[in-house]
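Below: run27.pdb (PDB, C-alpha atoms, pLDDT in the B column)
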```pdb
ATOM      1  CA  MET Z  31      46.745 -13.901  -0.443  1.00 56.00           C
ATOM      2  CA  ASN Z  32      49.967 -14.447   1.439  1.00 78.00           C
ATOM      3  CA  ALA Z  33      51.166 -17.115  -0.998  1.00 82.00           C
ATOM      4  CA  GLU Z  34      50.209 -14.911  -3.947  1.00 86.00           C
ATOM      5  CA  PHE Z  35      52.155 -12.022  -2.430  1.00 84.00           C
ATOM      6  CA  GLU Z  36      55.220 -14.205  -1.902  1.00 86.00           C
ATOM      7  CA  THR Z  37      55.169 -15.452  -5.497  1.00 88.00           C
ATOM      8  CA  ARG Z  38      54.754 -11.940  -6.883  1.00 87.00           C
ATOM      9  CA  LEU Z  39      57.640 -10.733  -4.718  1.00 84.00           C
ATOM     10  CA  HIS Z  40      59.789 -13.641  -5.912  1.00 85.00           C
ATOM     11  CA  ASN Z  41      58.943 -12.851  -9.549  1.00 85.00           C
ATOM     12  CA  LEU Z  42      59.830  -9.212  -8.982  1.00 83.00           C
ATOM     13  CA  LYS Z  43      63.218 -10.171  -7.575  1.00 81.00           C
ATOM     14  CA  GLU Z  44      63.868 -12.460 -10.535  1.00 82.00           C
ATOM     15  CA  GLN Z  45      62.904  -9.707 -12.960  1.00 81.00           C
ATOM     16  CA  TYR Z  46      65.533  -7.357 -11.545  1.00 76.00           C
ATOM     17  CA  HIS Z  47      68.159 -10.054 -10.941  1.00 77.00           C
ATOM     18  CA  VAL Z  48      68.536  -9.721  -7.180  1.00 72.00           C
ATOM     19  CA  LEU Z  49      71.966  -8.527  -6.177  1.00 78.00           C
ATOM     20  CA  THR Z  50      74.119  -9.915  -3.408  1.00 83.00           C
ATOM     21  CA  PRO Z  51      74.375  -7.814  -0.234  1.00 84.00           C
ATOM     22  CA  ASP Z  52      78.000  -6.945  -1.055  1.00 90.00           C
ATOM     23  CA  LYS Z  53      77.040  -5.763  -4.521  1.00 88.00           C
ATOM     24  CA  LYS Z  54      74.154  -3.686  -3.107  1.00 86.00           C
ATOM     25  CA  ARG Z  55      76.546  -2.114  -0.620  1.00 89.00           C
ATOM     26  CA  GLU Z  56      78.971  -1.260  -3.411  1.00 91.00           C
ATOM     27  CA  ILE Z  57      76.207   0.260  -5.566  1.00 89.00           C
ATOM     28  CA  LYS Z  58      74.958   2.355  -2.645  1.00 90.00           C
ATOM     29  CA  ARG Z  59      78.474   3.583  -1.911  1.00 93.00           C
ATOM     30  CA  GLU Z  60      78.905   4.631  -5.550  1.00 93.00           C
ATOM     31  CA  MET Z  61      75.517   6.366  -5.485  1.00 92.00           C
ATOM     32  CA  LEU Z  62      76.456   8.208  -2.305  1.00 92.00           C
ATOM     33  CA  LEU Z  63      79.636   9.519  -3.927  1.00 94.00           C
ATOM     34  CA  HIS Z  64      78.344  10.295  -7.417  1.00 94.00           C
ATOM     35  CA  ARG Z  65      74.543  10.550  -7.163  1.00 93.00           C
ATOM     36  CA  PRO Z  66      73.567  11.738  -3.672  1.00 94.00           C
ATOM     37  CA  ARG Z  67      69.959  12.538  -4.625  1.00 95.00           C
ATOM     38  CA  THR Z  68      69.438   9.040  -5.961  1.00 93.00           C
ATOM     39  CA  TYR Z  69      71.022   7.630  -2.819  1.00 94.00           C
ATOM     40  CA  ARG Z  70      68.647   9.623  -0.602  1.00 95.00           C
ATOM     41  CA  LYS Z  71      65.681   8.487  -2.691  1.00 94.00           C
ATOM     42  CA  CYS Z  72      66.842   4.894  -2.342  1.00 93.00           C
ATOM     43  CA  GLU Z  73      67.176   5.234   1.438  1.00 94.00           C
ATOM     44  CA  HIS Z  74      63.760   6.887   1.670  1.00 96.00           C
ATOM     45  CA  LEU Z  75      62.212   3.955  -0.228  1.00 95.00           C
ATOM     46  CA  ARG Z  76      63.994   1.478   2.022  1.00 94.00           C
ATOM     47  CA  HIS Z  77      62.624   3.153   5.163  1.00 97.00           C
ATOM     48  CA  GLU Z  78      59.160   3.295   3.625  1.00 96.00           C
ATOM     49  CA  LEU Z  79      59.366  -0.442   2.881  1.00 95.00           C
ATOM     50  CA  LEU Z  80      60.334  -1.194   6.467  1.00 95.00           C
ATOM     51  CA  ARG Z  81      57.400   0.871   7.730  1.00 96.00           C
ATOM     52  CA  LEU Z  82      54.960  -0.871   5.382  1.00 95.00           C
ATOM     53  CA  GLU Z  83      56.256  -4.326   6.330  1.00 93.00           C
ATOM     54  CA  LEU Z  84      55.752  -3.537  10.007  1.00 95.00           C
ATOM     55  CA  LYS Z  85      52.235  -2.304   9.333  1.00 95.00           C
ATOM     56  CA  ARG Z  86      51.519  -5.428   7.246  1.00 92.00           C
ATOM     57  CA  ASN Z  87      52.581  -7.656  10.140  1.00 91.00           C
ATOM     58  CA  GLN Z  88      50.290  -5.746  12.499  1.00 93.00           C
ATOM     59  CA  VAL Z  89      47.383  -6.108  10.081  1.00 92.00           C
ATOM     60  CA  LEU Z  90      48.075  -9.836   9.704  1.00 89.00           C
ATOM     61  CA  ALA Z  91      47.998 -10.210  13.480  1.00 91.00           C
ATOM     62  CA  ALA Z  92      44.690  -8.304  13.628  1.00 91.00           C
ATOM     63  CA  ASP Z  93      43.262 -10.505  10.830  1.00 88.00           C
ATOM     64  CA  GLN Z  94      42.139  -7.717   8.467  1.00 85.00           C
ATOM     65  CA  PRO Z  95      42.517  -9.142   4.934  1.00 83.00           C
ATOM     66  CA  GLU Z  96      41.186  -6.085   3.064  1.00 85.00           C
ATOM     67  CA  LYS Z  97      43.843  -3.804   4.557  1.00 90.00           C
ATOM     68  CA  ASN Z  98      46.453  -6.509   4.105  1.00 89.00           C
ATOM     69  CA  HIS Z  99      45.835  -6.651   0.350  1.00 88.00           C
ATOM     70  CA  GLU Z 100      46.248  -2.855   0.043  1.00 91.00           C
ATOM     71  CA  LEU Z 101      49.508  -2.956   1.992  1.00 91.00           C
ATOM     72  CA  GLU Z 102      50.858  -5.814  -0.103  1.00 91.00           C
ATOM     73  CA  GLU Z 103      50.199  -3.822  -3.282  1.00 92.00           C
ATOM     74  CA  LYS Z 104      52.018  -0.798  -1.830  1.00 93.00           C
ATOM     75  CA  ILE Z 105      54.933  -2.972  -0.723  1.00 92.00           C
ATOM     76  CA  LEU Z 106      55.272  -4.513  -4.180  1.00 91.00           C
ATOM     77  CA  MET Z 107      55.178  -1.069  -5.805  1.00 93.00           C
ATOM     78  CA  LYS Z 108      57.855   0.358  -3.482  1.00 94.00           C
ATOM     79  CA  LYS Z 109      60.010  -2.759  -3.800  1.00 91.00           C
ATOM     80  CA  ALA Z 110      59.832  -2.505  -7.595  1.00 91.00           C
ATOM     81  CA  GLN Z 111      60.921   1.140  -7.432  1.00 92.00           C
ATOM     82  CA  LEU Z 112      63.837   0.322  -5.144  1.00 90.00           C
ATOM     83  CA  LEU Z 113      65.030  -2.628  -7.237  1.00 88.00           C
ATOM     84  CA  LYS Z 114      64.714  -0.563 -10.404  1.00 89.00           C
ATOM     85  CA  ILE Z 115      66.929   2.184  -8.943  1.00 89.00           C
ATOM     86  CA  LEU Z 116      69.547  -0.328  -7.800  1.00 87.00           C
ATOM     87  CA  TYR Z 117      69.465  -2.172 -11.120  1.00 87.00           C
ATOM     88  CA  GLU Z 118      69.821   1.049 -13.145  1.00 87.00           C
ATOM     89  CA  ASN Z 119      72.797   2.137 -11.058  1.00 86.00           C
ATOM     90  CA  LYS Z 120      74.494  -1.255 -11.249  1.00 80.00           C
ATOM     91  CA  LYS Z 121      76.645  -0.171 -14.191  1.00 69.00           C
TER
END
```
Write out the structure in this file as structure tokens.
Amino acid sequence: MNAEFETRLHNLKEQYHVLTPDKKREIKREMLLHRPRTYRKCEHLRHELLRLELKRNQVLAADQPEKNHELEEKILMKKAQLLKILYENKK
């Protein structure tokens, strides 16, 4: 499942044309100035992703594949939401 997760994550990044860190920083700065609610939503998603990644690592260490699959699905969903917000605000 880990390889499948990595490929799906890679495909997701390709779909939304992953931005460079400088470009992400610039988009977030513009969102903070002009769209503060969107910025807060973006930050909330980022923190949620960090929490889910930490939990996924704990589950991997405990060798619980059924919980791992659920967490991977949640991570992919949140990552898609975050990339969609950044991509829409790229303009």
Rounded to one decimal place, report the atom CA of Z:His99-atom CA of Z:Tyr46 distance in Å.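 Answer for the atom CA of Z:His99 to atom CA of Z:Tyr46 separation: 23.0 Å.
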Please determine, counting all atoms listed in the file, which residue among Z:Lys114, Z:Arg59, Z:Ala92, Z:Pro66 has the shortest atom-to-atom distance to Z:Lys43.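 Closest to Z:Lys43, using all atoms listed in the file: Z:Lys114.
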Evaluate the PyMOL selection byres ((chain Z and resi 80-86) around 8) against this structure - the residues, as an NGL selection string, please. :Z and (76-79 or 87-90 or 98 or 101-102 or 104-105)
Report the distance between atom CA of Z:Arg65 and atom CA of Z:Gln111 in Å, rounded to one decimal place.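 Spanning atom CA of Z:Arg65 to atom CA of Z:Gln111 is a straight-line distance of 16.6 Å.
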Find the smallest box with edges along x, y and z containing every listed atom of stretch 55-68 of chain Z, then add 8 Å on each side and report centre and edge lengths in Å to one decimal, as AutoDock Vina command-line options.
```
--center_x 74.5 --center_y 5.2 --center_z -4.0 --size_x 26.2 --size_y 30.7 --size_z 22.8
```
Using all atoms listed in the file, which residues sit within 8 Å of stretch 72-75 of chain Z once same-chain residues fewer than 4 positions away are excluded, as a ChimeraX atom specification? /Z:68,79,108-109,111-112,115
